[in-house]
$ cat input-v9.txt   # compact mmCIF, C-alpha atoms and all ligand atoms
# COMPACT_ATOMS: atom_id res chain seq x y z
CA MET A 77 59.73 147.80 119.53
CA THR A 78 58.62 151.40 119.90
CA PRO A 79 54.96 152.03 120.80
CA ALA A 80 54.35 153.19 117.20
CA ALA A 81 55.99 150.04 115.79
CA ARG A 82 53.68 147.92 117.96
CA VAL A 83 50.68 149.75 116.50
CA GLU A 84 51.99 149.12 112.96
CA ALA A 85 52.51 145.42 113.75
CA ALA A 86 48.92 145.24 115.04
CA VAL A 87 47.69 146.90 111.82
CA ALA A 88 49.57 144.34 109.71
CA LEU A 89 48.12 141.49 111.74
CA LEU A 90 44.61 142.94 111.53
CA ASP A 91 45.01 143.02 107.72
CA GLU A 92 45.73 139.28 107.80
CA ILE A 93 42.92 138.52 110.25
CA ILE A 94 40.36 140.49 108.23
CA GLU A 95 41.40 138.74 105.01
CA ALA A 96 41.24 135.33 106.69
CA ALA A 97 37.80 136.10 108.12
CA ALA A 98 36.51 137.03 104.67
CA GLY A 99 38.05 134.04 102.90
CA GLY A 100 37.74 131.22 105.44
CA GLY A 101 41.44 131.41 106.37
CA ALA A 102 43.22 130.64 109.64
CA ALA A 103 42.07 131.77 113.10
CA ALA A 104 43.45 135.00 114.62
CA ASP A 105 45.48 133.09 117.23
CA THR A 106 47.21 131.01 114.55
CA LEU A 107 47.99 134.10 112.47
CA ILE A 108 49.45 135.91 115.47
CA GLN A 109 51.67 132.93 116.32
CA ARG A 110 52.89 132.65 112.71
CA TYR A 111 53.57 136.39 112.54
CA PHE A 112 55.91 136.36 115.52
CA LYS A 113 57.68 133.14 114.46
CA THR A 114 59.31 135.08 111.65
CA ARG A 115 59.97 138.23 113.71
CA ARG A 116 62.39 137.18 116.39
CA TYR A 117 63.26 140.81 117.21
CA ALA A 118 59.91 141.11 119.01
CA GLY A 119 60.38 140.30 122.71
CA SER A 120 57.74 138.71 124.93
CA LYS A 121 56.52 142.12 126.13
CA ASP A 122 56.15 143.31 122.53
CA ARG A 123 54.29 140.15 121.56
CA ARG A 124 51.91 140.47 124.46
CA ALA A 125 51.30 144.18 123.82
CA VAL A 126 50.63 143.64 120.10
CA ARG A 127 48.38 140.65 120.77
CA ASP A 128 46.37 142.56 123.40
CA LEU A 129 46.02 145.50 121.03
CA VAL A 130 44.87 143.28 118.14
CA TYR A 131 42.24 141.61 120.32
CA GLY A 132 41.16 144.96 121.78
CA VAL A 133 40.52 146.22 118.24
CA ILE A 134 38.65 143.07 117.16
CA ARG A 135 36.40 143.17 120.24
CA ALA A 136 35.55 146.83 119.68
CA LEU A 137 34.35 146.47 116.08
CA GLY A 138 31.15 144.66 115.12
CA GLU A 139 31.33 144.71 111.32
CA ARG A 140 34.30 143.23 109.48
CA PRO A 141 36.47 146.32 108.77
CA ALA A 142 37.81 147.17 105.30
CA ASN A 143 41.44 146.77 106.44
CA GLY A 144 43.73 146.88 109.47
CA ARG A 145 44.42 150.60 109.32
CA ALA A 146 40.72 151.53 109.19
CA ALA A 147 40.15 149.11 112.09
CA MET A 148 42.94 150.65 114.17
CA ILE A 149 41.82 154.24 113.53
CA GLY A 150 38.18 153.39 114.39
CA TYR A 151 39.26 151.66 117.60
CA ALA A 152 41.66 154.41 118.63
CA ARG A 153 39.07 157.11 118.00
CA ALA A 154 36.49 155.28 120.16
CA GLN A 155 38.58 153.80 122.96
CA ALA A 156 42.27 154.73 122.87
CA PRO A 157 42.83 158.27 121.49
CA GLU A 158 46.45 158.23 122.71
CA LEU A 159 47.21 155.82 119.85
CA LEU A 160 46.23 158.43 117.27
CA ALA A 161 49.12 160.59 118.46
CA LEU A 162 51.55 157.82 117.37
CA PHE A 163 50.53 157.98 113.70
CA GLY A 164 53.23 159.67 111.58
CA THR A 165 55.80 159.86 114.40
CA ASP A 166 58.15 156.97 113.64
CA ALA A 167 59.47 155.35 110.45
CA ARG A 168 58.43 151.92 111.82
CA GLY A 169 55.01 153.15 112.91
CA PRO A 170 51.80 153.86 111.01
CA ALA A 171 51.86 156.69 108.43
CA ALA A 172 50.38 160.06 109.38
CA LEU A 173 46.60 160.32 109.41
CA VAL A 174 45.01 161.75 106.30
CA GLU A 175 41.88 163.80 106.67
CA GLY A 176 38.73 161.89 105.78
CA GLU A 177 40.43 158.48 105.50
CA PRO A 178 38.21 155.45 106.20
CA GLU A 179 37.72 154.28 109.76
CA ALA A 180 35.73 151.37 111.13
CA ALA A 181 32.67 152.03 113.31
CA PRO A 182 32.55 150.59 116.84
CA GLY A 183 29.93 147.90 117.52
CA SER A 184 29.35 144.56 119.20
CA ALA A 185 28.45 142.40 116.15
CA PRO A 186 27.53 142.73 112.46
CA LYS A 187 24.14 144.40 111.96
CA TRP A 188 22.40 141.33 110.56
CA LEU A 189 23.39 139.39 113.68
CA THR A 190 22.54 142.13 116.18
CA ALA A 191 19.08 142.20 114.54
CA LYS A 192 18.71 138.45 115.18
CA PHE A 193 19.72 138.88 118.84
CA ALA A 194 17.39 141.86 119.28
CA ALA A 195 14.46 139.83 117.90
CA GLU A 196 15.14 136.95 120.33
CA TYR A 197 16.31 138.63 123.57
CA ALA A 198 14.66 141.58 125.30
CA ASP A 199 18.06 142.58 126.76
CA ALA A 200 20.15 141.87 123.66
CA GLY A 201 22.39 144.91 124.25
CA GLY A 202 23.78 143.59 127.55
CA LEU A 203 24.16 140.11 126.11
CA LEU A 204 26.08 141.33 123.05
CA ALA A 205 28.28 143.56 125.21
CA ALA A 206 29.14 140.56 127.40
CA LEU A 207 29.91 138.44 124.31
CA ALA A 208 32.38 141.12 123.18
CA GLY A 209 34.18 140.93 126.55
CA ARG A 210 36.89 138.58 127.76
CA ALA A 211 36.31 135.08 129.11
CA PRO A 212 37.81 133.77 132.34
CA LEU A 213 39.78 130.53 132.20
CA ASP A 214 37.92 127.69 133.91
CA LEU A 215 39.18 124.26 134.91
CA ARG A 216 37.37 121.07 135.85
CA ALA A 217 38.69 118.95 138.71
CA ASN A 218 38.97 115.43 137.31
CA ARG A 219 37.07 113.23 139.74
CA LEU A 220 38.84 110.14 138.33
CA LYS A 221 41.95 111.45 140.13
CA THR A 222 40.99 114.06 142.72
CA THR A 223 38.33 116.44 144.04
CA ARG A 224 37.86 120.19 143.66
CA GLU A 225 38.51 120.66 147.38
CA ALA A 226 41.83 118.84 147.14
CA VAL A 227 43.21 120.78 144.15
CA LEU A 228 41.92 124.29 144.93
CA PRO A 229 44.61 125.09 147.52
CA GLN A 230 47.27 124.10 144.98
CA ILE A 231 46.25 126.77 142.46
CA PRO A 232 47.13 130.32 143.54
CA GLY A 233 44.12 132.67 143.55
CA ALA A 234 41.68 130.07 142.13
CA VAL A 235 38.04 130.03 143.27
CA PRO A 236 35.18 127.55 142.76
CA THR A 237 32.92 128.38 139.79
CA PRO A 238 29.36 129.22 140.90
CA HIS A 239 27.35 126.50 139.10
CA ALA A 240 29.33 123.38 138.17
CA PRO A 241 30.34 121.14 141.10
CA ASP A 242 33.87 120.48 139.79
CA GLY A 243 34.52 123.92 138.28
CA ILE A 244 37.49 126.12 139.22
CA ARG A 245 38.04 129.67 137.98
CA LEU A 246 41.67 130.69 137.49
CA ALA A 247 43.10 134.07 138.44
CA GLU A 248 44.17 135.97 135.31
CA SER A 249 47.84 135.95 136.25
CA VAL A 250 48.12 132.15 136.38
CA ASN A 251 49.45 130.21 133.40
CA VAL A 252 47.70 126.84 133.43
CA GLU A 253 50.62 125.04 131.78
CA ASP A 254 52.80 125.87 134.79
CA LEU A 255 50.48 124.02 137.18
CA PRO A 256 51.52 120.50 138.30
CA VAL A 257 47.81 119.65 138.81
CA TYR A 258 47.26 120.36 135.09
CA ASN A 259 50.29 118.46 133.87
CA ASP A 260 49.37 115.27 135.73
CA GLY A 261 45.70 115.28 134.66
CA ARG A 262 44.08 116.26 137.95
CA VAL A 263 42.45 119.22 136.21
CA GLU A 264 41.30 119.83 132.63
CA VAL A 265 40.69 123.20 130.96
CA GLN A 266 36.93 123.48 130.43
CA ASP A 267 34.51 126.41 130.47
CA GLU A 268 31.94 126.06 133.21
CA GLY A 269 29.16 126.01 130.60
CA SER A 270 30.70 122.95 128.93
CA GLN A 271 30.85 121.27 132.33
CA LEU A 272 27.14 121.93 132.77
CA ILE A 273 26.41 120.29 129.40
CA ALA A 274 28.19 117.12 130.48
CA ALA A 275 26.32 117.23 133.82
CA ALA A 276 22.98 117.56 131.95
CA CYS A 277 23.65 114.11 130.42
CA ARG A 278 23.35 112.45 133.88
CA ALA A 279 25.85 109.78 132.86
CA ARG A 280 26.40 107.21 135.62
CA PRO A 281 28.66 104.17 136.20
CA GLY A 282 27.71 101.13 134.13
CA MET A 283 25.87 103.03 131.40
CA VAL A 284 26.34 102.97 127.61
CA VAL A 285 27.09 106.60 126.71
CA ILE A 286 27.68 107.94 123.20
CA ASP A 287 29.26 111.34 122.60
CA LEU A 288 28.26 111.77 118.95
CA CYS A 289 30.30 114.94 118.22
CA ALA A 290 33.19 114.43 120.61
CA GLY A 291 35.86 116.51 118.85
CA ALA A 292 39.03 116.24 120.93
CA GLY A 293 36.93 114.96 123.80
CA GLY A 294 36.53 117.88 126.22
CA LYS A 295 33.04 116.79 127.27
CA THR A 296 33.81 113.08 126.80
CA LEU A 297 36.35 113.36 129.62
CA ALA A 298 33.76 114.96 131.89
CA LEU A 299 31.33 112.13 131.03
CA ALA A 300 34.08 109.60 131.86
CA ALA A 301 34.45 111.18 135.30
CA ASP A 302 30.69 110.86 135.89
CA MET A 303 30.89 107.19 134.87
CA ALA A 304 33.83 106.50 137.21
CA SER A 305 35.43 104.32 134.50
CA SER A 306 32.57 101.82 134.61
CA GLY A 307 30.37 101.11 131.56
CA ARG A 308 30.96 101.92 127.91
CA LEU A 309 31.81 105.40 126.64
CA VAL A 310 31.98 105.85 122.85
CA ALA A 311 33.38 109.09 121.38
CA CYS A 312 32.56 109.77 117.71
CA ASP A 313 33.48 112.51 115.26
CA THR A 314 34.02 112.99 111.54
CA ASP A 315 37.30 114.86 112.12
CA ARG A 316 40.13 112.33 112.34
CA GLN A 317 42.65 114.84 113.63
CA ARG A 318 40.47 116.11 116.48
CA LEU A 319 39.43 112.62 117.50
CA SER A 320 43.05 111.46 117.52
CA ARG A 321 43.83 114.02 120.24
CA LEU A 322 41.40 112.27 122.57
CA GLY A 323 43.59 109.17 123.15
CA PRO A 324 46.49 110.99 124.83
CA ARG A 325 44.11 113.23 126.78
CA ALA A 326 42.17 110.21 128.04
CA GLY A 327 45.42 108.53 129.07
CA ARG A 328 46.47 111.56 131.10
CA ALA A 329 43.02 111.82 132.70
CA GLY A 330 42.89 108.09 133.53
CA ALA A 331 39.74 107.54 131.41
CA VAL A 332 38.80 104.56 129.21
CA ILE A 333 37.11 105.70 126.01
CA GLU A 334 36.32 103.97 122.67
CA THR A 335 36.57 106.15 119.58
CA ARG A 336 34.76 105.83 116.26
CA LEU A 337 35.58 107.90 113.20
CA LEU A 338 32.39 108.70 111.31
CA ASP A 339 31.84 109.41 107.64
CA GLY A 340 29.74 112.60 107.27
CA GLY A 341 26.36 111.71 105.75
CA ARG A 342 26.94 107.97 106.37
CA GLU A 343 27.43 108.09 110.14
CA GLU A 344 25.16 105.14 110.87
CA GLN A 345 27.31 102.71 108.87
CA VAL A 346 29.86 102.83 111.68
CA LEU A 347 27.23 103.03 114.43
CA ALA A 348 24.91 100.19 113.29
CA ASP A 349 25.75 97.93 116.27
CA LEU A 350 24.91 100.73 118.73
CA ILE A 351 21.41 101.55 117.40
CA GLY A 352 18.86 101.24 120.20
CA THR A 353 21.49 100.60 122.89
CA ALA A 354 22.48 103.95 124.43
CA ASP A 355 21.48 105.06 127.92
CA VAL A 356 22.76 108.52 127.04
CA VAL A 357 23.52 110.27 123.75
CA LEU A 358 25.20 113.68 123.80
CA ILE A 359 24.98 115.76 120.62
CA ASP A 360 27.36 118.67 121.15
CA ALA A 361 26.57 119.77 117.63
CA PRO A 362 28.68 121.75 115.19
CA CYS A 363 27.35 125.31 115.30
CA SER A 364 28.03 128.95 114.49
CA GLY A 365 29.78 129.46 117.84
CA THR A 366 28.02 132.76 118.57
CA GLY A 367 28.19 131.86 122.27
CA THR A 368 32.00 131.73 122.18
CA TRP A 369 32.72 135.17 120.74
CA ARG A 370 34.51 136.10 123.98
CA ARG A 371 37.22 133.57 123.02
CA ASN A 372 37.10 133.97 119.22
CA PRO A 373 35.91 137.53 118.65
CA GLU A 374 36.82 137.51 114.94
CA ALA A 375 34.29 134.68 114.44
CA ARG A 376 31.66 137.48 114.31
CA TRP A 377 33.29 138.59 111.04
CA ARG A 378 33.23 135.11 109.49
CA LEU A 379 29.63 134.04 109.88
CA THR A 380 27.21 134.12 106.91
CA PRO A 381 23.51 133.23 106.60
CA GLN A 382 24.51 130.37 104.25
CA ARG A 383 26.79 128.88 106.92
CA ILE A 384 24.01 129.04 109.50
CA ALA A 385 21.64 127.26 107.09
CA ARG A 386 24.20 124.47 106.47
CA LEU A 387 24.77 124.06 110.20
CA THR A 388 21.09 123.90 111.14
CA ALA A 389 20.53 121.13 108.53
CA LEU A 390 23.46 119.15 109.96
CA GLN A 391 22.23 119.66 113.53
CA ALA A 392 18.79 118.25 112.63
CA HIS A 393 20.43 115.25 110.90
CA LEU A 394 22.54 114.54 114.02
CA ILE A 395 19.52 114.78 116.33
CA ASP A 396 17.74 112.17 114.20
CA ILE A 397 20.75 109.81 114.46
CA GLY A 398 20.94 110.43 118.21
CA VAL A 399 17.29 109.44 118.69
CA ARG A 400 17.88 106.14 116.84
CA LEU A 401 20.88 105.34 119.05
CA LEU A 402 18.83 105.57 122.27
CA ARG A 403 17.43 102.53 124.02
CA PRO A 404 13.87 102.89 125.36
CA GLY A 405 14.22 104.95 128.55
CA GLY A 406 17.45 106.52 127.30
CA ARG A 407 18.37 110.20 127.52
CA LEU A 408 19.36 112.58 124.72
CA VAL A 409 21.08 115.92 125.28
CA TYR A 410 21.35 118.38 122.40
CA ALA A 411 23.67 121.35 122.94
CA VAL A 412 25.20 124.16 120.91
CA CYS A 413 27.60 126.94 121.90
CA SER A 414 25.34 129.39 120.08
CA LEU A 415 22.61 131.76 121.19
CA LEU A 416 20.91 132.03 117.79
CA PRO A 417 17.31 130.75 117.94
CA GLU A 418 17.64 128.74 114.72
CA GLU A 419 20.32 126.56 116.32
CA GLY A 420 18.63 126.42 119.73
CA ARG A 421 14.96 127.07 120.42
CA LEU A 422 13.76 126.57 116.83
CA GLN A 423 15.95 123.51 116.31
CA ALA A 424 14.45 121.97 119.47
CA ASP A 425 10.91 122.83 118.31
CA ALA A 426 11.58 121.12 114.97
CA ALA A 427 13.03 118.06 116.75
CA ALA A 428 9.87 117.81 118.88
CA GLN A 429 7.77 117.84 115.70
CA ARG A 430 9.82 115.08 114.07
CA HIS A 431 10.02 112.98 117.26
CA PRO A 432 6.79 113.54 119.21
CA GLU A 433 7.63 110.51 121.38
CA LEU A 434 10.53 112.36 123.08
CA ILE A 435 9.75 113.78 126.51
CA PRO A 436 11.55 117.10 127.09
CA ASP A 437 13.01 117.89 130.53
CA ALA A 438 10.40 119.28 132.91
CA GLY A 439 12.18 122.63 133.29
CA GLY A 440 12.51 123.06 129.51
CA ALA A 441 15.74 123.91 127.71
CA GLN A 442 18.51 125.84 129.47
CA ILE A 443 20.17 128.90 128.06
CA LEU A 444 23.53 129.90 129.55
CA ARG A 445 24.71 133.47 129.03
CA PRO A 446 27.95 135.30 129.75
CA ASP A 447 26.08 138.27 131.24
CA ARG A 448 24.09 136.02 133.61
CA GLU A 449 25.85 132.72 134.34
CA GLU A 450 29.30 134.08 133.38
CA THR A 451 29.80 131.12 131.06
CA ASP A 452 30.07 131.04 127.30
CA GLY A 453 26.66 131.17 125.60
CA PHE A 454 24.98 127.75 125.29
CA PHE A 455 21.62 126.20 124.48
CA ILE A 456 21.04 122.82 126.17
CA ALA A 457 17.95 120.64 125.72
CA GLY A 458 17.44 117.25 127.41
CA TYR A 459 14.92 114.55 126.44
CA GLU A 460 13.89 111.06 127.60
CA LYS A 461 12.83 108.39 125.13
CA PRO A 462 9.85 106.59 126.67
CA CYS A 463 10.16 102.88 127.56
C1 LIG B 501 31.06 121.70 119.05
S1 LIG B 501 32.23 120.66 118.36
C2 LIG B 501 32.43 119.42 119.59
C3 LIG B 501 33.26 119.83 120.76
C4 LIG B 501 33.53 118.71 121.73
N1 LIG B 501 32.34 117.99 122.12
C5 LIG B 501 34.23 119.22 122.99
O1 LIG B 501 33.66 119.18 124.09
O2 LIG B 501 35.37 119.66 122.86
C6 LIG B 501 31.33 119.81 117.13
C7 LIG B 501 32.05 118.63 116.52
O3 LIG B 501 31.16 118.00 115.59
C8 LIG B 501 31.95 117.37 114.63
N2 LIG B 501 31.10 116.97 113.49
C9 LIG B 501 30.82 117.65 112.36
N3 LIG B 501 30.02 116.91 111.56
C10 LIG B 501 29.77 115.76 112.23
C11 LIG B 501 29.01 114.58 111.91
N4 LIG B 501 28.34 114.49 110.78
N5 LIG B 501 28.99 113.58 112.81
C12 LIG B 501 29.68 113.69 113.98
N6 LIG B 501 30.42 114.77 114.32
C13 LIG B 501 30.46 115.78 113.44
C14 LIG B 501 33.02 118.38 114.34
O4 LIG B 501 34.15 117.78 113.74
C15 LIG B 501 33.30 118.94 115.74
O5 LIG B 501 34.40 118.29 116.33
$ encode --input "input-v9.txt" --output "structure tokens"
Amino acid sequence: MTPAARVEAAVALLDEIIEAAAGGGAAADTLIQRYFKTRRYAGSKDRRAVRDLVYGVIRALGERPANGRAAMIGYARAQAPELLALFGTDARGPAALVEGEPEAAPGSAPKWLTAKFAAEYADAGGLLAALAGRAPLDLRANRLKTTREAVLPQIPGAVPTPHAPDGIRLAESVNVEDLPVYNDGRVEVQDEGSQLIAAACRARPGMVVIDLCAGAGGKTLALAADMASSGRLVACDTDRQRLSRLGPRAGRAGAVIETRLLDGGREEQVLADLIGTADVVLIDAPCSGTGTWRRNPEARWRLTPQRIARLTALQAHLIDIGVRLLRPGGRLVYAVCSLLPEEGRLQADAAAQRHPELIPDAGGAQILRPDREETDGFFIAGYEKPC
């Protein structure tokens, strides 16, 4: 593909991504994969160049643009003026620029969201800039099979992550799927922040541990390692497909995990026998994902105030279930990969009002930030239920 044809391909993809963001369609990654499946003429270098360009444009623009062309022109004007010279030069490239045509404005997030961040964080600018950046790829050494010290020398250029004891940060050039230590389950892909959430649960061998929103089990596997395969670990979710991915992952990791498929709104029907029994309940709640914009930058264009309201109601409902699952003396951890106060600080305040018996961790809730801890953005609150 010529450089101009790559720009035109990126414009076409941005059109699809913008439409999907407005209408609840597929994620950018899925759309990019589908696009190239039907365009076999694009080689691996073309695919990589177009993909990098598409993500560069998405990261640079805060508001959802009107269309792909306006997005590309706005991005090029702000960050890559050499691209403007390619307009109107090639039949397969973008048409020539027309004076006064629409262009998207650069920014880190939609205005209504930047206002929320500015009201909550004194240094919101740096935080939002970090959220618009790129995330490193982190691994967790699976203590059921190995140690970080043992696997580190087997991964070229990898270094320990600064905070989590089993965390490993990959060099950018390394493809994790090529690593034998990945393929035999000695390491799992997991952001350091997610590892810290699992660590905050303080799961230990012999305990009854419930992961109430386990998804495909990323944190469940970290909990299994802390439990050294002793005790009872129950992974729950309402999403059958996600939960079904946990079995094969657990097998590869050497972990023993029970799964329970929940019915949204009637979760306790399937959990009745576990009420009052758990030493640890993790609620890794569904959330807006504002802390993961580095990985899914187009998520900034999808979020609405209505979606946040629906999520905060669900989070409160799940906290209430989690409290009922605890035995006296048990520990509850509530976490979201969001930095919005309504899903973090204010949600925790409301939980304390509804459950005054809960004792919050002495240090208070933790907030992890990409510009400080170099993790995704997370809110993590831990509580003990008195005996
Ligand atoms: C943040 S994700 C969990 C990610 C997972 N813990 C991990 O480490 O990969 C939130 C999960 O909550 C699930 N969920 C949504 N509603 C739920 C409900 N009512 N009860 C339990 N899980 C629910 C979603 O299907 C989703 O998998």
$ residues_around --input "input-v9.txt" --residues "region 363-376 of chain A" --least-positions-apart "3" --cutoff "7 Å" --atoms "all atoms listed in the file" --output "list in words"
Ile134, Arg135, Ala185, Pro186, Leu207, Ala208, Gly209, Arg210, Ala211, Leu379, Ile384, Leu387, Val412, Cys413, Ser414, Leu415, Asp452, Gly453 and Phe454 of chain A
$ closest_residue --input "input-v9.txt" --among "A:Ala180, A:Ile333, A:Leu319, A:Cys289" --to "ligand LIG 501 (chain B)" --atoms "all atoms listed in the file"
A:Cys289
$ atom_distance --input "input-v9.txt" --atom1 "CA of Gly291 (chain A)" --atom2 "CA of Val263 (chain A)"
18.8 Å
$ closest_atom_pairs --input "input-v9.txt" --of "chain A" --to "ligand LIG 501 (chain B)" --cutoff "6 Å" --atoms "all atoms listed in the file" --output "CSV"
residue,atom,partner,partner_atom,distance
A:Leu288,CA,B:LIG501,C12,5.5
A:Cys289,CA,B:LIG501,N6,3.9
A:Ala290,CA,B:LIG501,N1,4.0
A:Gly291,CA,B:LIG501,O5,3.4
A:Ala292,CA,B:LIG501,O2,5.4
A:Gly293,CA,B:LIG501,O2,5.0
A:Gly294,CA,B:LIG501,O1,3.8
A:Lys295,CA,B:LIG501,O1,4.0
A:Asp313,CA,B:LIG501,N6,3.9
A:Thr314,CA,B:LIG501,N6,4.9
A:Asp315,CA,B:LIG501,O4,4.6
A:Gly340,CA,B:LIG501,N4,4.2
A:Asp360,CA,B:LIG501,N1,5.1
A:Ala361,CA,B:LIG501,C6,4.8
A:Pro362,CA,B:LIG501,C6,3.8
$ closest_residue --input "input-v9.txt" --among "A:Gly243, A:Gly282, A:Gly144, A:Pro79" --to "Glu95 (chain A)" --atoms "only C-alpha atoms"
A:Gly144
$ closest_residue --input "input-v9.txt" --among "A:Asn259, A:Asn218, A:Thr380, A:Thr353" --to "Asp302 (chain A)" --atoms "all atoms listed in the file"
A:Asn218
$ residues_near_point --input "input-v9.txt" --point "(36.3, 153.0, 120.4)" --cutoff "10 Å" --atoms "all atoms listed in the file" --output "list in words"
Gly132, Val133, Arg135, Ala136, Leu137, Ala147, Met148, Ile149, Gly150, Tyr151, Ala152, Arg153, Ala154, Gln155, Ala156, Pro157, Ala180, Ala181, Pro182 and Gly183 of chain A
$ write_last_selection --input "input-v9.txt" --atoms "C-alpha atoms" --output "short mmCIF file (atom, residue, chain, number, x, y, z; two decimals), in the coordinates of the input"
data_model
loop_
_atom_site.label_atom_id
_atom_site.label_comp_id
_atom_site.auth_asym_id
_atom_site.auth_seq_id
_atom_site.Cartn_x
_atom_site.Cartn_y
_atom_site.Cartn_z
CA GLY A 132 41.16 144.96 121.78
CA VAL A 133 40.52 146.22 118.24
CA ARG A 135 36.40 143.17 120.24
CA ALA A 136 35.55 146.83 119.68
CA LEU A 137 34.35 146.47 116.08
CA ALA A 147 40.15 149.11 112.09
CA MET A 148 42.94 150.65 114.17
CA ILE A 149 41.82 154.24 113.53
CA GLY A 150 38.18 153.39 114.39
CA TYR A 151 39.26 151.66 117.60
CA ALA A 152 41.66 154.41 118.63
CA ARG A 153 39.07 157.11 118.00
CA ALA A 154 36.49 155.28 120.16
CA GLN A 155 38.58 153.80 122.96
CA ALA A 156 42.27 154.73 122.87
CA PRO A 157 42.83 158.27 121.49
CA ALA A 180 35.73 151.37 111.13
CA ALA A 181 32.67 152.03 113.31
CA PRO A 182 32.55 150.59 116.84
CA GLY A 183 29.93 147.90 117.52
#
$ residues_around --input "input-v9.txt" --residues "region 105-109 of chain A" --least-positions-apart "2" --cutoff "8 Å" --atoms "only C-alpha atoms" --output "PyMOL selection string"
chain A and resi 89+92-93+102-103+111-113+127
$ closest_residue --input "input-v9.txt" --among "A:Pro381, A:Asp260, A:Glu196, A:Arg280" --to "Arg421 (chain A)" --atoms "all atoms listed in the file"
A:Glu196
$ closest_residue --input "input-v9.txt" --among "A:Arg278, A:Arg445, A:Leu402, A:Leu322" --to "Ala205 (chain A)" --atoms "only C-alpha atoms"
A:Arg445
$ atom_distance --input "input-v9.txt" --atom1 "CA of Phe455 (chain A)" --atom2 "CA of Ala274 (chain A)"
12.7 Å
$ closest_residue --input "input-v9.txt" --among "A:Leu358, A:Leu204, A:Val409, A:Ala85" --to "Lys187 (chain A)" --atoms "only C-alpha atoms"
A:Leu204
$ atom_distance --input "input-v9.txt" --atom1 "CA of Ser306 (chain A)" --atom2 "CA of Asp287 (chain A)"
15.7 Å
